[in-house]
Amino acid sequence: MLVFEFKVYGKSVQLTAIDDAIRTAQFVRNSCIRLWMDVQGTGKNDLQKYCAVLAANFPFANELNSMARQASAERAWSSIARFYDNCKKNIPGLKGYPQFQKDCRSVEYKTSGWQLADDRKSITFTDKKGIGRLKIKGTRDLHFYQINQIKRVRLVKRADGYYCQFCIDVNRQENIEPTGNTIGLDVGLKEYYTDSNGVIVENPKFLREGEKVLKRSQRRVSRKVKGSKNRGKARQILGKRHLKISRKRKDHAVKLARCVVQSNDLISYEDLRIKNLVKNHCLAKSINDASWYQFRVWLEYFGKVFKRVTVAVNPQYTSQECSSCGEIVKKTLSTRTHACKCGCVMDRDENAARNILSRGLGTVGHTGTFALDASNALGDKASTCAGEILYEQVISSIKESQCLYI
């Protein structure tokens, strides 16, 4: 599934109609959550049927396309299903009980309620909300795909305008030649990551760079009277500042992950629990600014696209263990050099990256990575066998996994 995003241009009346459609979608979702809370045993089909009841009782809900109402009910059920899954897995702490949405920013249509122009430069929404024809502008070309391949169309409101997203049912696969390289990545705050070859990528720290401008914009919002138009304008400017930083962060993660995956046949990284790490209030801002989880998501995505092996390993003692002899060398966070009795002296992060690579070569992987996508088909063949060359094992695993996708 590919998601293409285009900027939307229309008259002020049309943009107001988009806001009305978004509020209606929020109303349908919250009503479905209320039904699930009040009526015991409510299932997914019950929520779909309830959409027709809402349309009959509320004229503004009837104006929204029927499939758009169903999509909002599916959003409600996804939050309910996630809550059920967390309860079954006995996840400690809060289980994510479904909440009412207060600030919805998108409405989703399925295969009806919209019509794409023949030149693919405009889209018309045909429901009773009165959105009408909107011009779309972007860098992607929709002529490569058929109309029946577009499964969802979303209208998204952001600080700098409105966007239209097309969810296209396409299986993206790209074939590139094996490189014969394997790499282990140790992410950090000072450096974005250090690999097992000693290569260091600096942390861009986008939030820290733009923090001065953000504080100034936040002060301007605080000075304005609540509910005034000037406060609304100041809030919009502040939102654009945050949006620019988040886009920089995402662009950096995407480009870096793609480069790493294309340059290596096996990528090993730490299976970090970011949710637990950010509980440290001294490092929470820096950890969120580094966006390790986003980088990992794109690593796994490009691993599937380019048929590379991505392995997440246990991060325990990767910094303490010596990559040469395996001895545990205790060190604090301020100690940046690894020095072992065996004579191994190197940077702390490079030593951790080597340990991560070693564990990645000696493990099967985890569910969700490319190594186990085909029902754990690689099995224990991805582990390191005595007397065999690591490179040959990685290449053989890649060839086996490629056969599974043919």
# chains A, B, ... in the order shown; residues from 1 in each chain; ligands from 1
>>> residues_around(residues="Tyr50 of chain A", least_positions_apart="3", cutoff="10 Å", atoms="only C-alpha atoms", output="list of chain:residue names")
A:Val28, A:Ser31, A:Cys32, A:Leu35, A:Lys44, A:Asn45, A:Asp46, A:Leu47, A:Val53, A:Leu54, A:Ala55, A:Ala56, A:Arg69, A:Gln70, A:Ala73
>>> write_last_selection(atoms="all heavy atoms", output="short mmCIF file (atom, residue, chain, number, x, y, z; two decimals), in the first residue's frame")
data_model
loop_
_atom_site.label_atom_id
_atom_site.label_comp_id
_atom_site.auth_asym_id
_atom_site.auth_seq_id
_atom_site.Cartn_x
_atom_site.Cartn_y
_atom_site.Cartn_z
N VAL A 28 -19.16 10.92 14.27
CA VAL A 28 -19.51 9.52 14.04
C VAL A 28 -18.60 8.61 14.85
O VAL A 28 -19.06 7.65 15.48
CB VAL A 28 -19.41 9.19 12.54
CG1 VAL A 28 -19.62 7.69 12.30
CG2 VAL A 28 -20.45 9.98 11.76
N SER A 31 -19.49 8.84 18.56
CA SER A 31 -20.78 8.20 18.82
C SER A 31 -20.63 6.68 18.85
O SER A 31 -21.28 6.00 19.67
CB SER A 31 -21.79 8.61 17.74
OG SER A 31 -22.00 10.00 17.73
N CYS A 32 -19.78 6.15 17.99
CA CYS A 32 -19.54 4.70 18.00
C CYS A 32 -18.83 4.28 19.29
O CYS A 32 -19.13 3.21 19.85
CB CYS A 32 -18.71 4.31 16.78
SG CYS A 32 -19.59 4.46 15.20
N LEU A 35 -21.47 4.18 21.95
CA LEU A 35 -22.31 2.98 21.84
C LEU A 35 -21.60 1.77 22.42
O LEU A 35 -22.22 0.95 23.13
CB LEU A 35 -22.66 2.74 20.37
CG LEU A 35 -23.47 1.47 20.08
CD1 LEU A 35 -24.87 1.61 20.68
CD2 LEU A 35 -23.55 1.21 18.58
N LYS A 44 -17.90 -5.03 15.70
CA LYS A 44 -17.58 -4.18 14.56
C LYS A 44 -18.78 -4.00 13.65
O LYS A 44 -19.05 -2.89 13.17
CB LYS A 44 -16.41 -4.79 13.78
CG LYS A 44 -15.94 -3.96 12.61
CD LYS A 44 -14.74 -4.58 11.92
CE LYS A 44 -14.26 -3.72 10.76
NZ LYS A 44 -13.09 -4.33 10.08
N ASN A 45 -19.53 -5.07 13.40
CA ASN A 45 -20.71 -4.96 12.53
C ASN A 45 -21.78 -4.07 13.15
O ASN A 45 -22.51 -3.37 12.43
CB ASN A 45 -21.28 -6.35 12.26
CG ASN A 45 -20.34 -7.20 11.41
OD1 ASN A 45 -19.55 -6.66 10.63
ND2 ASN A 45 -20.43 -8.51 11.56
N ASP A 46 -21.88 -4.09 14.47
CA ASP A 46 -22.86 -3.23 15.14
C ASP A 46 -22.53 -1.75 14.93
O ASP A 46 -23.44 -0.92 14.78
CB ASP A 46 -22.91 -3.55 16.63
CG ASP A 46 -23.36 -4.98 16.90
OD1 ASP A 46 -24.19 -5.47 16.12
OD2 ASP A 46 -22.88 -5.58 17.87
N LEU A 47 -21.24 -1.43 14.93
CA LEU A 47 -20.84 -0.05 14.70
C LEU A 47 -21.14 0.38 13.26
O LEU A 47 -21.54 1.53 13.01
CB LEU A 47 -19.34 0.12 14.99
CG LEU A 47 -18.89 -0.16 16.43
CD1 LEU A 47 -17.41 0.15 16.58
CD2 LEU A 47 -19.69 0.67 17.43
N VAL A 53 -28.11 4.58 11.53
CA VAL A 53 -28.96 5.17 12.55
C VAL A 53 -28.60 6.63 12.78
O VAL A 53 -29.49 7.50 12.89
CB VAL A 53 -28.85 4.37 13.87
CG1 VAL A 53 -29.68 5.02 14.97
CG2 VAL A 53 -29.28 2.93 13.65
N LEU A 54 -27.31 6.93 12.82
CA LEU A 54 -26.88 8.31 12.98
C LEU A 54 -27.31 9.16 11.79
O LEU A 54 -27.71 10.32 11.96
CB LEU A 54 -25.35 8.36 13.14
CG LEU A 54 -24.78 7.75 14.42
CD1 LEU A 54 -23.25 7.76 14.37
CD2 LEU A 54 -25.25 8.52 15.65
N ALA A 55 -27.22 8.60 10.59
CA ALA A 55 -27.61 9.34 9.39
C ALA A 55 -29.11 9.64 9.40
O ALA A 55 -29.55 10.70 8.91
CB ALA A 55 -27.23 8.56 8.15
N ALA A 56 -29.89 8.74 9.95
CA ALA A 56 -31.34 8.95 9.99
C ALA A 56 -31.74 9.97 11.06
O ALA A 56 -32.73 10.70 10.88
CB ALA A 56 -32.04 7.62 10.24
N ARG A 69 -18.72 7.55 6.55
CA ARG A 69 -19.22 7.25 7.90
C ARG A 69 -18.71 5.88 8.35
O ARG A 69 -18.33 5.69 9.52
CB ARG A 69 -20.75 7.28 7.91
CG ARG A 69 -21.36 8.65 7.65
CD ARG A 69 -22.82 8.68 8.04
NE ARG A 69 -23.61 7.74 7.26
CZ ARG A 69 -24.26 8.04 6.12
NH1 ARG A 69 -24.19 9.28 5.64
NH2 ARG A 69 -24.97 7.13 5.49
N GLN A 70 -18.70 4.91 7.44
CA GLN A 70 -18.19 3.58 7.78
C GLN A 70 -16.70 3.62 8.12
O GLN A 70 -16.23 2.91 9.01
CB GLN A 70 -18.45 2.62 6.64
CG GLN A 70 -19.92 2.33 6.40
CD GLN A 70 -20.15 1.46 5.18
OE1 GLN A 70 -19.21 1.00 4.55
NE2 GLN A 70 -21.42 1.23 4.86
N ALA A 73 -16.35 4.75 11.59
CA ALA A 73 -16.67 3.65 12.51
C ALA A 73 -15.51 2.66 12.59
O ALA A 73 -15.24 2.10 13.67
CB ALA A 73 -17.94 2.94 12.05
#
>>> residues_around(residues="Val261 of chain A", least_positions_apart="3", cutoff="10 Å", atoms="only C-alpha atoms", output="PyMOL selection string")
chain A and resi 182-183+256-258+264-267+298-310
>>> closest_residue(among="A:Arg208, A:Arg154, A:Arg273, A:Arg354", to="Gly184 of chain A", atoms="only C-alpha atoms")
A:Arg354
>>> residues_around(residues="Gly43 of chain A", least_positions_apart="4", cutoff="12 Å", atoms="only C-alpha atoms", output="list in words")
Cys32, Ile33, Leu35, Trp36, Met37, Val39, Leu47, Gln48, Lys49, Tyr50, Ala73, Glu74, Ala76, Trp77, Ser78, Ile80, Ala81 and Tyr84 of chain A
>>> select_by_dssp(residues="segment 162-215 of chain A", states="helix (DSSP H, G or I)", output="MDAnalysis selection string")
chainID A and resid 206:209 211:215
>>> closest_residue(among="A:Lys121, A:His338, A:Lys102, A:Lys7", to="Val156 of chain A", atoms="only C-alpha atoms")
A:Lys7
>>> residues_around(residues="Ala290 of chain A", least_positions_apart="3", cutoff="7 Å", atoms="only C-alpha atoms", output="count of residues only")
4
>>> residues_around(residues="Ser319 of chain A", least_positions_apart="6", cutoff="7 Å", atoms="only C-alpha atoms", output="PyMOL selection string")
chain A and resi 348-349+351-352
